[in-house]
Structures are given as C-alpha cells and as structure tokens.
file target_17.txt (compact mmCIF, C-alpha atoms and all ligand atoms)
# COMPACT_ATOMS: atom_id res chain seq x y z
CA MET A 1 -26.23 -76.58 45.48
CA ILE A 2 -26.84 -74.84 42.15
CA VAL A 3 -23.73 -73.82 40.20
CA ASP A 4 -23.59 -71.66 37.07
CA PRO A 5 -20.32 -72.48 35.28
CA ASP A 6 -20.24 -69.01 33.69
CA CYS A 7 -20.74 -67.12 36.96
CA ILE A 8 -17.70 -65.40 38.48
CA PHE A 9 -19.03 -65.71 42.01
CA CYS A 10 -19.67 -69.44 41.54
CA LYS A 11 -16.03 -69.64 40.42
CA ILE A 12 -14.97 -67.87 43.62
CA VAL A 13 -17.04 -70.38 45.63
CA ALA A 14 -15.38 -73.24 43.74
CA GLY A 15 -11.94 -71.73 44.27
CA THR A 16 -11.16 -71.49 40.56
CA LEU A 17 -11.14 -67.68 40.75
CA PRO A 18 -9.15 -66.04 43.56
CA ALA A 19 -10.69 -63.75 46.14
CA PHE A 20 -9.76 -62.14 49.42
CA LYS A 21 -12.05 -64.38 51.45
CA LEU A 22 -13.25 -63.15 54.82
CA HIS A 23 -15.51 -65.92 56.04
CA GLU A 24 -16.82 -69.20 54.76
CA ASP A 25 -19.40 -71.58 56.16
CA GLU A 26 -21.67 -74.26 54.78
CA HIS A 27 -24.04 -71.85 53.05
CA THR A 28 -22.25 -68.51 52.58
CA LEU A 29 -19.02 -66.86 51.58
CA ALA A 30 -17.79 -63.35 52.36
CA PHE A 31 -15.00 -61.70 50.42
CA MET A 32 -13.61 -58.30 49.53
CA ASP A 33 -15.02 -56.44 46.55
CA ILE A 34 -12.36 -56.22 43.89
CA ASN A 35 -13.39 -52.70 42.89
CA PRO A 36 -14.12 -51.15 46.26
CA ILE A 37 -16.21 -48.03 46.40
CA SER A 38 -14.74 -47.36 49.85
CA PRO A 39 -12.09 -48.97 52.03
CA GLY A 40 -13.42 -52.25 53.41
CA HIS A 41 -16.13 -52.71 50.78
CA CYS A 42 -16.98 -56.40 50.84
CA LEU A 43 -19.59 -58.83 49.57
CA ILE A 44 -21.55 -61.70 51.09
CA ILE A 45 -23.01 -64.38 48.84
CA PRO A 46 -24.92 -67.62 49.15
CA LYS A 47 -22.89 -70.56 47.89
CA THR A 48 -25.83 -71.73 45.83
CA HIS A 49 -26.42 -69.73 42.65
CA PHE A 50 -29.46 -67.53 42.19
CA ALA A 51 -29.54 -64.17 40.51
CA ASN A 52 -31.56 -61.94 42.77
CA VAL A 53 -33.89 -61.63 45.75
CA PHE A 54 -36.86 -62.79 43.68
CA ASP A 55 -35.21 -66.05 42.69
CA GLY A 56 -33.81 -66.81 46.14
CA THR A 57 -35.46 -68.92 48.81
CA ASP A 58 -35.69 -68.06 52.49
CA ALA A 59 -32.97 -70.35 53.86
CA PRO A 60 -29.99 -69.11 51.79
CA LEU A 61 -31.19 -65.52 52.07
CA ALA A 62 -31.40 -65.85 55.85
CA ALA A 63 -27.94 -67.39 55.93
CA VAL A 64 -26.59 -64.46 53.90
CA MET A 65 -28.14 -61.97 56.32
CA ALA A 66 -26.66 -63.73 59.34
CA THR A 67 -23.22 -63.70 57.74
CA THR A 68 -23.70 -60.09 56.68
CA ARG A 69 -24.32 -59.06 60.26
CA ARG A 70 -21.33 -61.00 61.49
CA VAL A 71 -19.06 -59.44 58.87
CA ALA A 72 -20.56 -55.97 59.40
CA VAL A 73 -19.65 -56.13 63.09
CA ALA A 74 -16.14 -57.19 62.16
CA VAL A 75 -15.80 -54.37 59.60
CA ARG A 76 -17.05 -51.88 62.17
CA ASP A 77 -14.65 -53.10 64.81
CA ALA A 78 -11.70 -53.42 62.43
CA LEU A 79 -12.03 -50.22 60.41
CA GLN A 80 -14.19 -48.05 62.65
CA PRO A 81 -15.92 -46.28 59.78
CA ASP A 82 -18.19 -43.34 60.51
CA GLY A 83 -21.09 -45.35 59.13
CA MET A 84 -21.99 -48.30 56.95
CA ASN A 85 -24.43 -49.14 54.20
CA LEU A 86 -25.73 -52.60 53.45
CA PHE A 87 -27.15 -52.79 49.97
CA GLN A 88 -28.06 -55.19 47.24
CA ALA A 89 -29.07 -54.71 43.60
CA ASN A 90 -31.68 -56.60 41.56
CA GLY A 91 -31.53 -56.10 37.81
CA PRO A 92 -29.58 -53.74 35.56
CA ALA A 93 -31.81 -50.76 36.27
CA ALA A 94 -30.87 -51.13 39.94
CA GLY A 95 -27.17 -51.32 39.06
CA GLN A 96 -26.69 -55.07 39.29
CA THR A 97 -23.68 -56.20 37.29
CA VAL A 98 -23.05 -59.70 38.70
CA TYR A 99 -26.05 -62.00 38.54
CA HIS A 100 -25.31 -64.09 41.61
CA PHE A 101 -27.09 -62.65 44.65
CA HIS A 102 -24.81 -60.59 46.88
CA MET A 103 -25.05 -58.15 49.77
CA HIS A 104 -22.66 -55.23 49.78
CA ILE A 105 -21.15 -53.97 53.00
CA LEU A 106 -20.02 -50.42 52.33
CA PRO A 107 -18.13 -48.63 55.09
CA ARG A 108 -18.74 -44.90 54.97
CA THR A 109 -16.77 -41.81 55.91
CA ALA A 110 -18.71 -38.70 56.83
CA GLY A 111 -19.04 -36.49 53.77
CA ASP A 112 -17.65 -39.08 51.35
CA GLY A 113 -20.45 -38.39 48.89
CA LEU A 114 -20.93 -42.04 47.97
CA LEU A 115 -24.30 -43.44 46.90
CA ARG A 116 -25.44 -40.07 45.67
CA GLY A 117 -29.02 -40.08 44.67
CA GLY A 118 -30.30 -38.73 47.89
CA HIS A 119 -31.65 -41.71 49.79
CA GLY A 120 -34.11 -40.30 52.26
CA MET A 121 -33.23 -36.70 51.49
CA GLN A 122 -36.51 -35.54 50.05
CA ALA A 123 -39.83 -36.00 51.78
CA GLY A 124 -42.26 -38.02 49.74
CA ASP A 125 -45.97 -37.55 49.24
CA LYS A 126 -47.50 -39.43 52.17
CA ALA A 127 -50.57 -40.47 50.21
CA VAL A 128 -48.40 -41.93 47.48
CA ILE A 129 -46.23 -43.69 50.05
CA ALA A 130 -49.29 -45.11 51.79
CA GLY A 131 -50.63 -46.35 48.48
CA HIS A 132 -47.38 -48.10 47.70
CA ALA A 133 -47.36 -49.58 51.22
CA ASP A 134 -50.84 -50.98 50.76
CA ARG A 135 -49.92 -52.53 47.41
CA ILE A 136 -46.78 -54.14 48.85
CA LYS A 137 -48.58 -55.39 51.98
CA ALA A 138 -51.20 -57.01 49.78
CA ARG A 139 -48.40 -59.17 48.36
CA LEU A 140 -46.98 -60.25 51.69
P1 LIG B 1 -23.37 -55.30 41.67
O1 LIG B 1 -23.02 -54.16 40.73
O2 LIG B 1 -23.85 -56.50 40.90
O3 LIG B 1 -24.29 -54.90 42.78
O4 LIG B 1 -22.02 -55.67 42.39
C1 LIG B 1 -21.05 -56.52 41.83
C2 LIG B 1 -19.79 -56.25 42.58
O5 LIG B 1 -18.90 -57.31 42.31
C3 LIG B 1 -19.10 -54.95 42.15
O6 LIG B 1 -18.94 -54.11 43.28
C4 LIG B 1 -17.77 -55.42 41.60
O7 LIG B 1 -16.71 -54.56 41.94
C5 LIG B 1 -17.60 -56.80 42.22
N1 LIG B 1 -16.85 -57.73 41.41
C6 LIG B 1 -16.96 -57.91 40.07
N2 LIG B 1 -16.12 -58.89 39.67
C7 LIG B 1 -15.47 -59.30 40.78
C8 LIG B 1 -14.47 -60.29 41.01
O8 LIG B 1 -14.02 -60.98 40.10
N3 LIG B 1 -14.03 -60.44 42.28
C9 LIG B 1 -14.52 -59.70 43.31
N4 LIG B 1 -14.02 -59.93 44.51
N5 LIG B 1 -15.46 -58.77 43.14
C10 LIG B 1 -15.93 -58.57 41.89
ZN ZN B 2 -23.13 -67.98 40.68
call {"tool": "encode", "arguments": {"input": "target_17.txt", "output": "structure tokens"}}
result
Amino acid sequence: MIVDPDCIFCKIVAGTLPAFKLHEDEHTLAFMDINPISPGHCLIIPKTHFANVFDGTDAPLAAVMATTRRVAVAVRDALQPDGMNLFQANGPAAGQTVYHFHMHILPRTAGDGLLRGGHGMQAGDKAVIAGHADRIKARL
C-alpha cells in the first residue's frame, strides 16, 4: 500500500486524523465530507494513495466503485434524498483540492441548485460529440 505522509486522506486511513467513518474494508474507506455541500455528502477512497483516475490501477478503482455503490444505497435508504450525484475531480481545473483519489456521494434535494454549470442542460453539436467519441474510443 502506498502512503503519502503529507496527504490528509492517508492520515485518515492511518487513523492519525479523525473522520466520521462509514465503512472500512481491506481496500477502501468511506467517510463523511467535512465540508458537506449537502446533507449526507460523503467520500469513498482507496486505502492506497494515488492522486487521480489516471494514476490509479483497475483493482483499487474497482474496489472504490463497489464501496461507492454500497454506501450510495445506504445513503439513499437512510436519508431518502430526491436524487444523488456521484462525482470525482481530476486536477485543479476540475476542482480537485485533495490529491488522493476520492468519489463524492452527493445527496440532492429537488431545486437545491447545487453543481450549477448545467450538466446536460444544453444540447451539444452532434458532429463535435461524435468526433470526441471517436478520439476517446481510439484510446480504449
Ligand atoms: P475535491 O475538491 O478534491 O474533489 O474534494 C475534496 C473534499 O475533501 C472536499 O469536499 C472537502 O470538503 C473534503 N475534505 C477536505 N479536508 C477534509 C478532511 O480533513 N476531512 C474530511 N472528512 N473531508 C475533507
Ligand atoms: Zn493519500
């Protein structure tokens, strides 16, 4: 397991920084976000340190997704939000502030206005979208 001694999430894994932990297993940890954007906002991390989706390998990323689903179901059942976003940031331009990979679970209330920026609100140019799709598929 890779540990970065300067990383706050590695410190939470090690237990040297407190957190409201939700779930822990061999590969992942889930805990409440300390600055919640909405009630129930929580985070799921791999125990091993890597900064982002590009640096991660399949096994810890898959483990994070499995835990994310498990926690998402629990958040849904416990808090019964109107909806829920799962999201994850890579790099400062994407809003990443902690450089240890993490998934956000963000419970939503209808009309709460969070995550403004209009995801999926404006139809794109289909030719441009298709071009992007082709370029991405060529990398897969
Ligand atoms: P990012 O901006 O990198 O996608 O998300 C980092 C998240 O970590 C933010 O939502 C922030 O509130 C949360 N966070 C930052 N420091 C701490 C901390 O010490 N403990 C916990 N539980 N969450 C933190
Ligand atoms: Zn870390």
call {"tool": "residues_around", "arguments": {"input": "target_17.txt", "residues": "Phe54 in chain A", "least_positions_apart": "3", "cutoff": "10 Å", "atoms": "all atoms listed in the file", "output": "list in words"}}
result
Phe50, Ala51, Thr57, Asn90 and Phe101 of chain A
call {"tool": "closest_residue", "arguments": {"input": "target_17.txt", "among": "A:Asp6, A:Ala59, A:His100, A:Asn35", "to": "ligand ZN 2 (chain B)", "atoms": "all atoms listed in the file"}}
result
A:His100
call {"tool": "residues_around", "arguments": {"input": "target_17.txt", "residues": "Cys10 in chain A", "least_positions_apart": "4", "cutoff": "12 Å", "atoms": "only C-alpha atoms", "output": "PDB file with C-alpha atoms, in the frame of the given file"}}
result
ATOM      1  CA  MET A   1     -26.230 -76.580  45.480  1.00  0.00           C
ATOM      2  CA  ILE A   2     -26.840 -74.840  42.150  1.00  0.00           C
ATOM      3  CA  VAL A   3     -23.730 -73.820  40.200  1.00  0.00           C
ATOM      4  CA  ASP A   4     -23.590 -71.660  37.070  1.00  0.00           C
ATOM      5  CA  PRO A   5     -20.320 -72.480  35.280  1.00  0.00           C
ATOM      6  CA  ASP A   6     -20.240 -69.010  33.690  1.00  0.00           C
ATOM      7  CA  ALA A  14     -15.380 -73.240  43.740  1.00  0.00           C
ATOM      8  CA  GLY A  15     -11.940 -71.730  44.270  1.00  0.00           C
ATOM      9  CA  THR A  16     -11.160 -71.490  40.560  1.00  0.00           C
ATOM     10  CA  LEU A  17     -11.140 -67.680  40.750  1.00  0.00           C
ATOM     11  CA  PRO A  18      -9.150 -66.040  43.560  1.00  0.00           C
ATOM     12  CA  ALA A  19     -10.690 -63.750  46.140  1.00  0.00           C
ATOM     13  CA  THR A  28     -22.250 -68.510  52.580  1.00  0.00           C
ATOM     14  CA  LEU A  29     -19.020 -66.860  51.580  1.00  0.00           C
ATOM     15  CA  ILE A  45     -23.010 -64.380  48.840  1.00  0.00           C
ATOM     16  CA  PRO A  46     -24.920 -67.620  49.150  1.00  0.00           C
ATOM     17  CA  LYS A  47     -22.890 -70.560  47.890  1.00  0.00           C
ATOM     18  CA  THR A  48     -25.830 -71.730  45.830  1.00  0.00           C
ATOM     19  CA  HIS A  49     -26.420 -69.730  42.650  1.00  0.00           C
ATOM     20  CA  PHE A  50     -29.460 -67.530  42.190  1.00  0.00           C
ATOM     21  CA  ALA A  51     -29.540 -64.170  40.510  1.00  0.00           C
ATOM     22  CA  VAL A  98     -23.050 -59.700  38.700  1.00  0.00           C
ATOM     23  CA  TYR A  99     -26.050 -62.000  38.540  1.00  0.00           C
ATOM     24  CA  HIS A 100     -25.310 -64.090  41.610  1.00  0.00           C
ATOM     25  CA  PHE A 101     -27.090 -62.650  44.650  1.00  0.00           C
ATOM     26  CA  HIS A 102     -24.810 -60.590  46.880  1.00  0.00           C
TER      27      HIS A 102
END
call {"tool": "axis_aligned_box", "arguments": {"input": "target_17.txt", "around": "ligand LIG 1 (chain B)", "padding_each_side": "6 Å", "output": "lines of an AutoDock Vina configuration file"}}
result
center_x = -19.2
center_y = -57.5
center_z = 42.1
size_x = 22.3
size_y = 18.9
size_z = 16.8
call {"tool": "residues_near_ligand", "arguments": {"input": "target_17.txt", "ligand": "ligand LIG 1 (chain B)", "cutoff": "6 Å", "atoms": "all atoms listed in the file", "output": "PyMOL selection string"}}
result
chain A and resi 8+19+32-35+88-89+95-98
call {"tool": "closest_residue", "arguments": {"input": "target_17.txt", "among": "A:Ala133, A:Val53, A:Met84, A:Ile12", "to": "ligand ZN 2 (chain B)", "atoms": "all atoms listed in the file"}}
result
A:Ile12
call {"tool": "atom_distance", "arguments": {"input": "target_17.txt", "atom1": "CA of Gly124 in chain A", "atom2": "CA of Ile136 in chain A"}}
result
16.8 Å
call {"tool": "atom_distance", "arguments": {"input": "target_17.txt", "atom1": "CA of Gly83 in chain A", "atom2": "CA of Arg108 in chain A"}}
result
4.8 Å
call {"tool": "closest_residue", "arguments": {"input": "target_17.txt", "among": "A:Thr109, A:Ala123, A:Gly40, A:Pro92", "to": "Val71 in chain A", "atoms": "all atoms listed in the file"}}
result
A:Gly40
call {"tool": "closest_residue", "arguments": {"input": "target_17.txt", "among": "A:Arg70, A:Val75, A:Ala130, A:Asn52", "to": "ligand ZN 2 (chain B)", "atoms": "only C-alpha atoms and all ligand atoms"}}
result
A:Asn52
call {"tool": "atom_distance", "arguments": {"input": "target_17.txt", "atom1": "CA of Ala66 in chain A", "atom2": "CA of Met103 in chain A"}}
result
11.2 Å
call {"tool": "closest_residue", "arguments": {"input": "target_17.txt", "among": "A:Met65, A:Cys7, A:Val13, A:Leu140", "to": "ligand ZN 2 (chain B)", "atoms": "all atoms listed in the file"}}
result
A:Cys7
call {"tool": "closest_residue", "arguments": {"input": "target_17.txt", "among": "A:Pro107, A:Asp58, A:Val128, A:Gly91", "to": "Arg76 in chain A", "atoms": "all atoms listed in the file"}}
result
A:Pro107
call {"tool": "residues_near_point", "arguments": {"input": "target_17.txt", "point": "(-22.7, -50.9, 50.4)", "cutoff": "10 Å", "atoms": "all atoms listed in the file", "output": "VMD selection string"}}
result
chain A and resid 36 to 38 40 to 43 84 to 88 103 to 108 114 to 115
call {"tool": "build_atoms", "arguments": {"input": "target_17.txt", "residues": "range 81-92 of chain A", "atoms": "all heavy atoms", "output": "compact mmCIF listing (two decimals), keeping the file's coordinate frame"}}
result
# COMPACT_ATOMS: atom_id res chain seq x y z
N PRO A 81 -15.40 -47.31 60.69
CA PRO A 81 -15.92 -46.28 59.78
C PRO A 81 -16.93 -45.39 60.50
O PRO A 81 -17.46 -45.76 61.55
CB PRO A 81 -16.60 -47.10 58.68
CG PRO A 81 -17.03 -48.36 59.37
CD PRO A 81 -15.96 -48.64 60.40
N ASP A 82 -17.18 -44.23 59.91
CA ASP A 82 -18.19 -43.34 60.51
C ASP A 82 -19.58 -43.95 60.40
O ASP A 82 -20.46 -43.67 61.22
CB ASP A 82 -18.17 -41.99 59.79
CG ASP A 82 -16.84 -41.27 59.97
OD1 ASP A 82 -16.18 -41.50 61.00
OD2 ASP A 82 -16.47 -40.49 59.08
N GLY A 83 -19.79 -44.73 59.35
CA GLY A 83 -21.09 -45.35 59.13
C GLY A 83 -20.94 -46.51 58.16
O GLY A 83 -19.82 -46.85 57.74
N MET A 84 -22.04 -47.10 57.81
CA MET A 84 -21.99 -48.30 56.95
C MET A 84 -23.32 -48.47 56.23
O MET A 84 -24.37 -48.35 56.84
CB MET A 84 -21.71 -49.53 57.83
CG MET A 84 -21.58 -50.83 57.08
SD MET A 84 -21.31 -52.19 58.24
CE MET A 84 -19.66 -51.82 58.84
N ASN A 85 -23.23 -48.74 54.95
CA ASN A 85 -24.43 -49.14 54.20
C ASN A 85 -24.37 -50.62 53.90
O ASN A 85 -23.32 -51.15 53.53
CB ASN A 85 -24.52 -48.39 52.87
CG ASN A 85 -24.88 -46.94 53.02
OD1 ASN A 85 -24.04 -46.06 52.82
ND2 ASN A 85 -26.11 -46.69 53.38
N LEU A 86 -25.53 -51.27 54.02
CA LEU A 86 -25.73 -52.60 53.45
C LEU A 86 -26.64 -52.40 52.26
O LEU A 86 -27.68 -51.75 52.39
CB LEU A 86 -26.42 -53.53 54.45
CG LEU A 86 -25.78 -53.65 55.83
CD1 LEU A 86 -26.60 -54.62 56.68
CD2 LEU A 86 -24.34 -54.14 55.72
N PHE A 87 -26.25 -52.92 51.10
CA PHE A 87 -27.15 -52.79 49.97
C PHE A 87 -27.00 -53.95 49.01
O PHE A 87 -26.04 -54.72 49.08
CB PHE A 87 -27.01 -51.44 49.27
CG PHE A 87 -25.75 -51.26 48.46
CD1 PHE A 87 -25.76 -51.51 47.09
CD2 PHE A 87 -24.59 -50.83 49.04
CE1 PHE A 87 -24.61 -51.34 46.33
CE2 PHE A 87 -23.43 -50.65 48.30
CZ PHE A 87 -23.45 -50.91 46.94
N GLN A 88 -27.95 -54.02 48.09
CA GLN A 88 -28.06 -55.19 47.24
C GLN A 88 -28.87 -54.78 46.03
O GLN A 88 -29.87 -54.08 46.17
CB GLN A 88 -28.75 -56.28 48.08
CG GLN A 88 -28.94 -57.62 47.47
CD GLN A 88 -30.21 -57.70 46.69
OE1 GLN A 88 -31.21 -57.14 47.08
NE2 GLN A 88 -30.16 -58.39 45.56
N ALA A 89 -28.43 -55.16 44.83
CA ALA A 89 -29.07 -54.71 43.60
C ALA A 89 -29.75 -55.88 42.89
O ALA A 89 -29.22 -56.99 42.84
CB ALA A 89 -28.03 -54.08 42.67
N ASN A 90 -30.92 -55.60 42.33
CA ASN A 90 -31.68 -56.60 41.56
C ASN A 90 -31.99 -56.03 40.18
O ASN A 90 -32.83 -55.14 40.06
CB ASN A 90 -32.98 -56.95 42.28
CG ASN A 90 -32.73 -57.51 43.67
OD1 ASN A 90 -32.34 -58.66 43.81
ND2 ASN A 90 -32.90 -56.69 44.68
N GLY A 91 -31.28 -56.52 39.18
CA GLY A 91 -31.53 -56.10 37.81
C GLY A 91 -30.67 -54.93 37.39
O GLY A 91 -30.19 -54.15 38.22
N PRO A 92 -30.46 -54.80 36.08
CA PRO A 92 -29.58 -53.74 35.56
C PRO A 92 -30.03 -52.34 35.93
O PRO A 92 -29.20 -51.47 36.21
CB PRO A 92 -29.62 -53.94 34.04
CG PRO A 92 -30.39 -55.17 33.76
CD PRO A 92 -30.99 -55.68 35.03
